[in-house]
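*Asks:* Sharing run00.cif (mmCIF, C-alpha atoms) below.
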```
data_entry
loop_
_atom_site.label_atom_id
_atom_site.label_comp_id
_atom_site.auth_asym_id
_atom_site.auth_seq_id
_atom_site.Cartn_x
_atom_site.Cartn_y
_atom_site.Cartn_z
CA MET P 1278 8.63 -32.92 11.93
CA LEU P 1279 8.83 -29.51 10.30
CA ASP P 1280 11.94 -27.54 11.30
CA PRO P 1281 11.79 -23.96 9.93
CA SER P 1282 15.10 -23.10 11.61
CA ARG P 1283 16.73 -25.69 9.34
CA THR P 1284 15.58 -23.68 6.32
CA VAL P 1285 17.32 -20.57 7.66
CA ALA P 1286 20.47 -22.59 8.37
CA ASP P 1287 20.37 -24.04 4.84
CA LEU P 1288 20.05 -20.56 3.36
CA ARG P 1289 23.02 -19.35 5.38
CA GLU P 1290 25.03 -22.34 4.20
CA LEU P 1291 24.12 -21.65 0.58
CA GLN P 1292 25.05 -18.01 1.04
CA GLU P 1293 28.48 -19.02 2.32
CA LEU P 1294 28.97 -21.57 -0.45
CA THR P 1295 27.97 -19.49 -3.48
CA GLY P 1296 28.40 -15.88 -2.42
CA ASP P 1297 31.18 -13.44 -1.64
CA GLU P 1298 31.59 -10.03 -0.01
CA ASN P 1299 29.45 -8.52 -2.81
CA GLY P 1300 26.49 -10.89 -2.43
CA ALA P 1301 25.09 -14.01 -4.11
CA GLN P 1302 26.76 -15.10 -7.36
CA ARG P 1303 24.48 -17.94 -8.50
CA VAL P 1304 23.95 -16.62 -12.03
CA ALA P 1305 22.24 -19.26 -14.17
CA TRP P 1306 24.30 -21.28 -16.64
CA THR P 1307 27.50 -20.84 -14.61
CA ASP P 1308 29.61 -23.20 -12.54
CA THR P 1309 28.49 -21.50 -9.31
CA TRP P 1310 24.85 -22.10 -10.21
CA GLN P 1311 25.64 -25.75 -10.92
CA GLN P 1312 27.38 -25.98 -7.56
CA ALA P 1313 24.19 -24.71 -5.91
CA ARG P 1314 22.07 -27.27 -7.77
CA GLU P 1315 24.30 -30.12 -6.68
CA TRP P 1316 24.19 -28.82 -3.11
CA LEU P 1317 20.37 -28.73 -3.28
CA GLY P 1318 20.32 -32.36 -4.38
CA SER P 1319 22.42 -33.34 -1.38
CA LYS P 1320 19.89 -31.72 0.94
CA LEU P 1321 17.15 -34.07 -0.23
CA ASP P 1322 19.13 -37.31 -0.04
CA GLY P 1323 17.26 -39.94 1.97
CA THR P 1324 13.79 -38.46 1.46
CA GLY P 1325 12.77 -40.90 -1.26
CA ALA P 1326 12.37 -38.02 -3.72
CA VAL P 1327 13.73 -38.79 -7.20
CA GLU P 1328 15.88 -36.08 -8.78
CA SER P 1329 15.61 -35.33 -12.51
CA PHE P 1330 16.29 -32.56 -15.02
CA ASP P 1331 13.96 -31.66 -17.86
CA ALA P 1332 14.71 -30.42 -21.38
CA ALA P 1333 14.86 -26.78 -20.25
CA GLY P 1334 17.29 -27.44 -17.39
CA ASN P 1335 14.70 -27.30 -14.61
CA GLN P 1336 15.62 -29.42 -11.58
CA TRP P 1337 12.85 -31.64 -10.17
CA PHE P 1338 12.49 -33.71 -7.00
CA THR P 1339 9.52 -36.07 -7.15
CA LEU P 1340 8.10 -37.74 -4.04
CA PRO P 1341 5.64 -40.40 -5.24
CA GLY P 1342 2.17 -40.32 -3.70
CA GLU P 1343 -0.95 -42.45 -3.73
CA ALA P 1344 -2.00 -40.69 -6.95
CA GLU P 1345 -0.04 -39.53 -9.99
CA ARG P 1346 -1.67 -36.09 -9.81
CA ALA P 1347 0.98 -33.80 -8.45
CA LEU P 1348 1.17 -30.79 -6.18
CA LEU P 1349 4.10 -28.63 -7.24
CA ILE P 1350 6.14 -26.37 -4.97
CA GLY P 1351 8.71 -24.23 -6.70
CA GLY P 1352 11.21 -21.47 -6.87
CA HIS P 1353 14.61 -20.70 -8.37
CA ILE P 1354 18.10 -21.03 -6.97
CA ASP P 1355 19.78 -18.72 -9.51
CA SER P 1356 20.49 -15.12 -8.53
CA VAL P 1357 21.44 -11.84 -10.12
CA PRO P 1358 25.13 -10.89 -9.82
CA ASN P 1359 25.83 -9.46 -6.36
CA GLY P 1360 22.32 -10.50 -5.37
CA GLY P 1361 20.60 -11.19 -2.07
CA TRP P 1362 20.64 -14.36 -0.01
CA LEU P 1363 16.87 -14.92 -0.14
CA ASP P 1364 15.54 -14.06 -3.60
CA GLY P 1365 14.54 -17.39 -5.12
CA ALA P 1366 16.53 -19.56 -2.75
CA LEU P 1367 13.97 -19.14 0.05
CA ASN P 1368 11.27 -20.58 -2.23
CA VAL P 1369 13.30 -23.69 -2.95
CA MET P 1370 14.65 -24.31 0.55
CA ALA P 1371 11.28 -23.79 2.22
CA GLY P 1372 9.80 -26.24 -0.28
CA ALA P 1373 12.60 -28.69 0.51
CA GLU P 1374 11.76 -28.50 4.22
CA VAL P 1375 8.07 -29.15 3.50
CA LEU P 1376 9.01 -32.11 1.29
CA ARG P 1377 11.25 -33.53 4.03
CA ARG P 1378 8.44 -33.25 6.56
CA ILE P 1379 5.89 -34.92 4.30
CA ALA P 1380 8.32 -37.69 3.34
CA ALA P 1381 8.91 -38.44 7.03
CA ASP P 1382 5.15 -38.67 7.61
CA GLY P 1383 4.65 -41.39 5.01
CA LYS P 1384 3.31 -41.60 1.48
CA PRO P 1385 1.31 -38.46 0.60
CA PRO P 1386 -2.16 -38.71 -1.01
CA LEU P 1387 -0.85 -36.95 -4.13
CA THR P 1388 2.60 -36.92 -5.65
CA LEU P 1389 4.64 -33.98 -4.34
CA ARG P 1390 7.14 -32.32 -6.68
CA LEU P 1391 9.69 -29.65 -5.81
CA VAL P 1392 11.04 -27.70 -8.77
CA SER P 1393 13.98 -25.33 -9.02
CA TRP P 1394 13.30 -23.41 -12.22
CA ALA P 1395 16.23 -22.68 -14.53
CA ASP P 1396 17.21 -19.05 -15.07
CA GLU P 1397 14.34 -17.14 -13.51
CA GLU P 1398 16.43 -13.98 -13.34
CA GLY P 1399 17.74 -13.79 -16.90
CA ALA P 1400 20.84 -12.12 -15.51
CA ARG P 1401 23.34 -13.45 -18.04
CA PHE P 1402 21.38 -13.20 -21.30
CA GLY P 1403 18.50 -10.86 -20.45
CA ARG P 1404 15.82 -13.54 -20.86
CA SER P 1405 13.92 -14.02 -17.60
CA LEU P 1406 11.70 -17.02 -16.73
CA PHE P 1407 13.54 -19.30 -19.15
CA GLY P 1408 12.74 -22.67 -17.57
CA SER P 1409 9.21 -21.92 -16.42
CA SER P 1410 8.17 -20.41 -19.77
CA ALA P 1411 9.47 -23.52 -21.53
CA ALA P 1412 7.51 -25.78 -19.20
CA ALA P 1413 4.42 -23.60 -19.58
CA GLY P 1414 4.71 -23.78 -23.37
CA SER P 1415 4.77 -19.99 -23.74
CA MET P 1416 8.39 -19.75 -24.90
CA ASP P 1417 8.19 -18.64 -28.53
CA ASP P 1418 11.35 -16.58 -28.98
CA GLN P 1419 13.90 -19.28 -29.81
CA ASP P 1420 15.09 -17.45 -32.94
CA GLU P 1421 15.85 -14.36 -30.87
CA LEU P 1422 17.44 -16.44 -28.11
CA ARG P 1423 19.87 -17.95 -30.60
CA GLN P 1424 21.26 -14.47 -31.22
CA ARG P 1425 21.70 -13.52 -27.57
CA ARG P 1426 25.21 -13.24 -26.17
CA ASP P 1427 26.53 -12.47 -22.72
CA ALA P 1428 29.03 -9.73 -21.83
CA ASP P 1429 31.89 -12.01 -22.91
CA GLY P 1430 30.34 -12.77 -26.29
CA VAL P 1431 29.24 -16.33 -25.41
CA ALA P 1432 26.06 -17.30 -27.27
CA LEU P 1433 23.09 -18.52 -25.26
CA PRO P 1434 22.80 -21.88 -27.08
CA GLU P 1435 26.45 -22.59 -26.27
CA ALA P 1436 26.02 -21.67 -22.60
CA VAL P 1437 22.89 -23.75 -22.03
CA GLY P 1438 24.40 -26.61 -24.02
CA ARG P 1439 26.98 -27.05 -21.27
CA PHE P 1440 24.05 -28.10 -19.08
CA ASP P 1441 22.55 -30.54 -21.60
CA VAL P 1442 19.90 -28.07 -22.75
CA ASP P 1443 19.14 -27.92 -26.47
CA LEU P 1444 17.22 -24.75 -27.29
CA ASP P 1445 15.24 -26.54 -29.99
CA ARG P 1446 14.04 -29.14 -27.48
CA ALA P 1447 13.44 -26.86 -24.48
CA LEU P 1448 9.67 -26.93 -24.97
CA ASP P 1449 9.72 -30.67 -24.30
CA ALA P 1450 9.67 -29.55 -20.65
CA LYS P 1451 5.89 -29.08 -21.09
CA GLN P 1452 5.39 -32.73 -20.18
CA GLU P 1453 6.39 -31.90 -16.60
CA LEU P 1454 3.10 -30.05 -16.07
CA GLU P 1455 0.85 -32.77 -17.50
CA ASN P 1456 -0.15 -34.15 -14.07
CA ALA P 1457 0.11 -30.85 -12.19
CA ALA P 1458 -2.95 -30.21 -10.03
CA ALA P 1459 -1.71 -27.02 -8.33
CA TYR P 1460 1.41 -24.91 -7.85
CA LEU P 1461 2.57 -23.11 -4.68
CA GLU P 1462 5.40 -20.60 -4.38
CA LEU P 1463 6.80 -18.64 -1.45
CA HIS P 1464 8.85 -15.51 -2.15
CA ILE P 1465 10.22 -12.48 -0.38
CA GLU P 1466 8.06 -9.48 -1.21
CA GLN P 1467 10.93 -7.42 -2.69
CA GLY P 1468 8.93 -4.32 -1.83
CA PRO P 1469 7.94 -2.20 1.20
CA VAL P 1470 4.21 -2.89 1.62
CA LEU P 1471 4.23 -5.59 4.31
CA GLU P 1472 6.91 -3.84 6.34
CA ALA P 1473 4.95 -0.57 6.20
CA MET P 1474 1.90 -2.47 7.53
CA ASP P 1475 4.02 -4.25 10.17
CA LEU P 1476 2.91 -7.63 8.83
CA PRO P 1477 5.23 -10.60 8.33
CA LEU P 1478 3.26 -12.39 5.60
CA GLY P 1479 0.87 -11.73 2.75
CA VAL P 1480 -1.06 -13.56 0.05
CA VAL P 1481 -0.45 -12.67 -3.58
CA LEU P 1482 -3.47 -11.99 -5.77
CA GLY P 1483 -1.56 -12.24 -9.04
CA THR P 1484 1.13 -10.56 -11.08
CA PHE P 1485 0.79 -7.20 -12.75
CA GLY P 1486 0.17 -6.81 -16.43
CA VAL P 1487 2.83 -4.70 -18.11
CA GLU P 1488 2.75 -2.21 -20.98
CA ARG P 1489 6.24 -1.10 -22.05
CA HIS P 1490 6.75 1.51 -24.78
CA GLN P 1491 9.36 3.74 -26.33
CA ILE P 1492 8.01 7.24 -26.86
CA THR P 1493 9.87 9.63 -29.14
CA PHE P 1494 9.22 13.37 -29.05
CA ARG P 1495 10.57 15.21 -32.11
CA GLY P 1496 11.21 18.93 -32.17
CA GLN P 1497 13.84 21.12 -33.80
CA ALA P 1498 17.48 21.60 -32.85
CA ALA P 1499 18.31 25.28 -32.51
CA HIS P 1500 21.04 27.43 -30.97
CA ALA P 1501 20.67 27.74 -27.23
CA GLY P 1502 21.76 31.37 -27.26
CA SER P 1503 19.92 32.84 -30.20
CA THR P 1504 16.54 31.05 -30.07
CA PRO P 1505 13.87 32.93 -28.03
CA MET P 1506 12.01 30.82 -25.49
CA ASP P 1507 8.65 31.26 -27.24
CA LYS P 1508 10.11 30.14 -30.59
CA ARG P 1509 11.55 26.83 -29.40
CA ARG P 1510 10.34 23.38 -30.39
CA ASP P 1511 11.92 21.56 -27.46
CA ALA P 1512 11.39 17.81 -27.53
CA LEU P 1513 12.55 17.45 -23.94
CA ALA P 1514 9.73 19.74 -22.78
CA GLY P 1515 7.21 17.15 -23.96
CA ALA P 1516 9.08 14.33 -22.28
CA ALA P 1517 9.41 16.27 -19.03
CA LYS P 1518 5.71 17.04 -18.91
CA LEU P 1519 4.86 13.40 -19.59
CA GLU P 1520 7.18 12.21 -16.80
CA LEU P 1521 5.24 14.33 -14.31
CA GLU P 1522 1.86 13.35 -15.76
CA ILE P 1523 2.38 9.58 -15.52
CA ARG P 1524 2.64 9.94 -11.75
CA GLU P 1525 -0.76 11.64 -11.72
CA ILE P 1526 -2.19 8.93 -13.98
CA ALA P 1527 -1.04 6.22 -11.56
CA LYS P 1528 -2.51 8.18 -8.66
CA ARG P 1529 -5.89 8.59 -10.39
CA ILE P 1530 -6.15 4.94 -11.42
CA GLY P 1531 -4.99 3.68 -8.01
CA ALA P 1532 -5.33 0.08 -6.80
CA GLY P 1533 -1.59 -0.43 -6.98
CA ALA P 1534 -1.05 1.25 -10.37
CA VAL P 1535 2.58 2.14 -11.13
CA CYS P 1536 4.10 4.11 -14.02
CA THR P 1537 7.82 4.60 -14.55
CA MET P 1538 9.76 6.60 -17.09
CA GLY P 1539 12.97 4.63 -16.81
CA GLY P 1540 15.13 6.42 -19.34
CA VAL P 1541 15.31 9.53 -21.53
CA VAL P 1542 17.92 9.97 -24.27
CA THR P 1543 18.18 13.40 -25.86
CA LYS P 1544 19.75 14.41 -29.16
CA PRO P 1545 21.89 16.25 -30.08
CA GLY P 1546 22.58 16.09 -26.34
CA ILE P 1547 24.84 19.15 -26.11
CA VAL P 1548 24.55 22.13 -23.83
CA THR P 1549 24.41 24.67 -26.69
CA SER P 1550 21.38 23.19 -28.50
CA VAL P 1551 17.67 22.92 -27.94
CA VAL P 1552 16.73 19.22 -27.83
CA GLU P 1553 15.59 17.90 -31.19
CA THR P 1554 14.57 14.37 -30.12
CA ALA P 1555 13.82 12.87 -26.73
CA GLU P 1556 13.44 9.07 -26.61
CA CYS P 1557 11.65 7.89 -23.46
CA LEU P 1558 11.10 4.44 -22.00
CA LEU P 1559 7.75 4.05 -20.24
CA ASP P 1560 6.72 1.09 -18.07
CA GLN P 1561 3.10 0.82 -16.81
CA ARG P 1562 1.77 -1.96 -14.57
CA HIS P 1563 -1.57 -2.94 -13.06
CA LEU P 1564 -3.35 -6.08 -11.90
CA ASP P 1565 -6.55 -5.20 -13.77
CA ALA P 1566 -6.41 -5.38 -17.58
CA THR P 1567 -9.10 -2.70 -18.10
CA GLN P 1568 -7.36 -0.24 -15.81
CA LEU P 1569 -3.99 -1.00 -17.41
CA ALA P 1570 -5.50 -0.18 -20.80
CA GLU P 1571 -6.90 3.05 -19.34
CA MET P 1572 -3.46 3.99 -18.00
CA LEU P 1573 -1.98 3.49 -21.46
CA SER P 1574 -4.76 5.47 -23.13
CA ASN P 1575 -4.33 8.34 -20.66
CA ALA P 1576 -0.59 8.47 -21.24
CA GLU P 1577 -0.99 8.46 -25.02
CA ALA P 1578 -3.56 11.27 -24.87
CA ALA P 1579 -1.35 13.30 -22.53
CA SER P 1580 1.67 12.90 -24.83
CA ARG P 1581 -0.32 14.18 -27.80
CA ARG P 1582 -1.57 17.12 -25.75
CA PHE P 1583 1.95 18.05 -24.67
CA ALA P 1584 3.25 17.65 -28.22
CA HIS P 1585 0.60 20.09 -29.44
CA ASP P 1586 1.40 22.57 -26.66
CA GLU P 1587 5.13 22.50 -27.48
CA ASP P 1588 4.70 22.43 -31.29
CA ILE P 1589 6.51 19.10 -31.54
CA GLU P 1590 5.62 15.59 -32.71
CA VAL P 1591 5.28 12.34 -30.77
CA GLU P 1592 5.52 8.67 -31.79
CA TRP P 1593 4.78 5.52 -29.78
CA GLU P 1594 6.34 2.08 -30.27
CA ARG P 1595 5.40 -0.94 -28.15
CA ILE P 1596 8.45 -2.77 -26.80
CA TRP P 1597 6.72 -5.51 -24.83
CA ASN P 1598 3.52 -6.29 -22.99
CA ILE P 1599 2.04 -9.05 -20.88
CA GLU P 1600 -1.48 -9.43 -19.57
CA PRO P 1601 -2.23 -9.45 -15.83
CA ILE P 1602 -2.20 -12.96 -14.41
CA LEU P 1603 -4.63 -13.64 -11.56
CA PHE P 1604 -4.03 -16.51 -9.17
CA ASP P 1605 -6.57 -19.17 -8.24
CA GLU P 1606 -9.33 -17.84 -5.98
CA GLN P 1607 -9.75 -21.08 -4.03
CA LEU P 1608 -6.00 -21.32 -3.36
CA ILE P 1609 -5.93 -17.65 -2.34
CA GLU P 1610 -8.53 -18.46 0.32
CA LEU P 1611 -6.46 -21.42 1.57
CA ALA P 1612 -3.32 -19.29 1.61
CA ASP P 1613 -5.17 -16.63 3.59
CA GLU P 1614 -6.20 -19.26 6.16
CA ALA P 1615 -2.64 -20.57 6.42
CA VAL P 1616 -1.17 -17.12 6.99
CA LYS P 1617 -3.75 -16.23 9.63
CA GLU P 1618 -3.09 -19.49 11.47
CA VAL P 1619 0.64 -18.81 11.82
CA ALA P 1620 0.76 -15.00 11.90
CA GLY P 1621 -2.67 -13.92 13.15
CA THR P 1622 -3.28 -11.43 10.33
CA SER P 1623 -3.10 -11.65 6.57
CA HIS P 1624 -3.02 -9.12 3.77
CA ARG P 1625 -3.70 -9.61 0.08
CA LEU P 1626 -1.54 -7.75 -2.41
CA PRO P 1627 -0.47 -7.91 -6.06
CA SER P 1628 3.05 -8.64 -7.24
CA GLY P 1629 4.77 -5.99 -9.32
CA PRO P 1630 7.70 -8.21 -10.33
CA LEU P 1631 7.03 -11.25 -12.50
CA HIS P 1632 7.69 -14.72 -11.08
CA ASP P 1633 7.83 -18.30 -12.34
CA ALA P 1634 4.39 -18.70 -10.76
CA ALA P 1635 2.97 -16.41 -13.44
CA GLU P 1636 4.14 -18.74 -16.20
CA VAL P 1637 2.71 -21.80 -14.43
CA ALA P 1638 -0.61 -20.01 -13.96
CA ARG P 1639 -0.57 -18.98 -17.62
CA ALA P 1640 -0.34 -22.70 -18.48
CA GLY P 1641 -3.64 -23.28 -16.68
CA VAL P 1642 -2.33 -24.80 -13.45
CA PRO P 1643 -4.12 -23.41 -10.34
CA THR P 1644 -1.49 -21.27 -8.64
CA VAL P 1645 -0.94 -19.09 -5.60
CA MET P 1646 2.00 -17.31 -3.97
CA LEU P 1647 2.87 -16.28 -0.43
CA PHE P 1648 4.98 -13.21 0.33
CA VAL P 1649 7.17 -12.68 3.38
CA GLN P 1650 8.22 -9.20 4.45
CA SER P 1651 11.39 -7.67 2.99
CA LEU P 1652 13.32 -5.32 5.24
CA ARG P 1653 13.45 -1.82 3.72
CA GLY P 1654 11.76 -3.30 0.66
CA LEU P 1655 15.16 -4.04 -0.89
CA SER P 1656 16.08 -6.93 -3.18
CA HIS P 1657 18.65 -7.71 -5.90
CA THR P 1658 21.32 -6.36 -3.57
CA LYS P 1659 23.62 -7.86 -0.97
CA VAL P 1660 21.75 -5.96 1.77
CA GLU P 1661 18.50 -7.81 0.96
CA ASP P 1662 17.18 -9.22 4.24
CA THR P 1663 14.20 -10.56 6.19
CA LYS P 1664 13.94 -11.16 9.92
CA GLU P 1665 14.70 -14.77 10.78
CA GLU P 1666 11.49 -15.11 12.79
CA HIS P 1667 9.56 -14.02 9.71
CA LEU P 1668 11.42 -16.52 7.54
CA GLU P 1669 10.44 -19.29 9.95
CA LEU P 1670 6.81 -18.13 9.93
CA SER P 1671 6.86 -18.23 6.13
CA VAL P 1672 8.02 -21.86 6.15
CA GLN P 1673 5.22 -22.72 8.58
CA ALA P 1674 2.69 -20.95 6.37
CA LEU P 1675 3.88 -22.80 3.27
CA ASP P 1676 3.64 -26.07 5.17
CA ARG P 1677 0.08 -25.32 6.31
CA LEU P 1678 -0.87 -24.26 2.78
CA THR P 1679 0.59 -27.49 1.39
CA ASP P 1680 -1.50 -29.62 3.74
CA LYS P 1681 -4.64 -27.63 2.98
CA THR P 1682 -4.04 -27.95 -0.75
CA LEU P 1683 -3.39 -31.69 -0.55
CA ALA P 1684 -6.64 -32.08 1.39
CA LEU P 1685 -8.53 -30.04 -1.19
CA LEU P 1686 -7.10 -31.91 -4.17
CA GLY P 1687 -7.57 -35.28 -2.54
CA SER P 1688 -11.22 -34.71 -1.63
#
```
Represent the supplied structure as structure tokens.

*Replies:*
Amino acid sequence: MLDPSRTVADLRELQELTGDENGAQRVAWTDTWQQAREWLGSKLDGTGAVESFDAAGNQWFTLPGEAERALLIGGHIDSVPNGGWLDGALNVMAGAEVLRRIAADGKPPLTLRLVSWADEEGARFGRSLFGSSAAAGSMDDQDELRQRRDADGVALPEAVGRFDVDLDRALDAKQELENAAAYLELHIEQGPVLEAMDLPLGVVLGTFGVERHQITFRGQAAHAGSTPMDKRRDALAGAAKLELEIREIAKRIGAGAVCTMGGVVTKPGIVTSVVETAECLLDQRHLDATQLAEMLSNAEAASRRFAHDEDIEVEWERIWNIEPILFDEQLIELADEAVKEVAGTSHRLPSGPLHDAAEVARAGVPTVMLFVQSLRGLSHTKVEDTKEEHLELSVQALDRLTDKTLALLGS
């Protein structure tokens, strides 16, 4: 019998075991993270699920079914430093409760597999979605990863090696998805939308595509006291105008569009000089690839216009980009039904943050996510929270979605 209150109790226990007064401390590739993984294994003793670890350090629990085709439920138990008690861990513990319920009911029609992905957060080495990207086969930055070091100078290959992960063999984890028929993930929203709508649960349409660029405006340094205002070539003026314009671009595009200028570095950076260079970091996100491209085009055109107006120059350099990833339409419909059955009302929304689910979907596995409301929209902080009644509803919704998906796949 499903017991959603047990999930909440498990999460509280994990919080007590691996957190402190500053929040969760389950950073991947650390002893505390390993302690959490061992604790997770103990919670599934007696279910008949077989525990294993793949070449990328992902932790699997496999409950054999009538068929080898597998329904996957997943999440991550690692956290950011001083993180919240729910981010990632809710996914895994809700999935564990569903697995326990199904195991008690007898052999399922399909194999059921719970996965705790390794290093979703990337908190120690700055490389998010480590385990899921390896399993999806999209990890292609091993040469760069070999050079990464943490704040103490420890190299990534050394750190993961402590957990029997060889960077050169990490992609062997791809075999774990060979029999995957579908993937389900529950997550806290980490944003304010559901709370603003007074809804406990939502269905995720997909994850935003991202365009991330460094933009450099170049002007001329000049004395702050002797240079008339109409003679200045102020690089910061171009950056400032662009910062205001990207908000208007997001507003015009709409449908969840977001643009963020997350950093501006000026040189020479002294109070007595006009700014010669202003280096800006721009992040743009949208669920629709065409509209994301339009956002980028609009920002580029605006930067050139402002550079002309201020008699300065502008250069663009792409830092990183990823295409929008849309979830499976049929699973979205099932998720919508499940949410309505337990909460009465559903809402469909995109995800701004990336998740392991995006990597699984990229690998071609039909995927969907559920969101549960986040209080104040806050995450990655010790004050991250969700009402307990909403957490219990989310476990019920995941359970309903699991049954619906098993029925669909078994038909």

*Asks:* Which is closer to Ile1547 (chain P) than all the others in P:Arg1378, P:His1657, P:His1500, P:Arg1677, using all atoms listed in the file?

*Replies:* P:His1500

*Asks:* Specify as a PyMOL selection string each residue included when the PyMOL selection byres ((chain P and resi 1637) around 9) is applied to this file.

*Replies:* chain P and resi 1409-1410+1412-1413+1454+1460+1633-1636+1638-1644

*Asks:* Select, from P:Ala1411, P:Met1474, P:Ala1576, P:Ala1432, the residue with the minimum atom-to-atom distance to Arg1489 (chain P), counting only C-alpha atoms.

*Replies:*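 Ranked by minimum distance to Arg1489 (chain P), first place goes to P:Ala1576.
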
*Asks:* Please report the interatomic distance between CA of Pro1469 (chain P) and CA of Val1541 (chain P) in Å with one decimal.

*Replies:* 26.6 Å

*Asks:* Applying 6 Å and all atoms listed in the file, which residues near Arg1510 (chain P) remain after dropping the ones on its own chain fewer than 5 positions away? List them as an mmCIF file with C-alpha atoms, in the frame of the given file.

*Replies:*
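around_31.cif, freshly written:
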```
data_model
loop_
_atom_site.group_PDB
_atom_site.id
_atom_site.type_symbol
_atom_site.label_atom_id
_atom_site.label_comp_id
_atom_site.auth_asym_id
_atom_site.auth_seq_id
_atom_site.Cartn_x
_atom_site.Cartn_y
_atom_site.Cartn_z
ATOM 1 C CA GLY P 1496 11.210 18.930 -32.170
ATOM 2 C CA GLN P 1497 13.840 21.120 -33.800
ATOM 3 C CA ASP P 1588 4.700 22.430 -31.290
ATOM 4 C CA ILE P 1589 6.510 19.100 -31.540
#
```

*Asks:* Starting from the displayed file, determine the output of the PyMOL selection byres ((chain P and resi 1324) around 10) and express the residue list as a ChimeraX atom specification.

*Replies:* /P:1320-1323,1325-1327,1338-1340,1373,1376-1381

*Asks:* Starting from the shown file, work through the PyMOL selection byres ((chain P and resi 1310-1313) around 9) and note down what comes out as JSON, numbers by chain.

*Replies:* {"P": [1291, 1294, 1295, 1302, 1303, 1304, 1305, 1306, 1307, 1308, 1309, 1314, 1315, 1316, 1317, 1318, 1354, 1355, 1356, 1440]}

*Asks:* Name all residues at most 9 Å from region 1534-1538 of chain P (count all atoms listed in the file; drop same-chain ones fewer than 2 positions away) and give them as number ranges by chain.

*Replies:* P: 1485, 1519-1520, 1523-1524, 1526-1532, 1540-1541, 1557-1564, 1568-1569, 1572, 1629
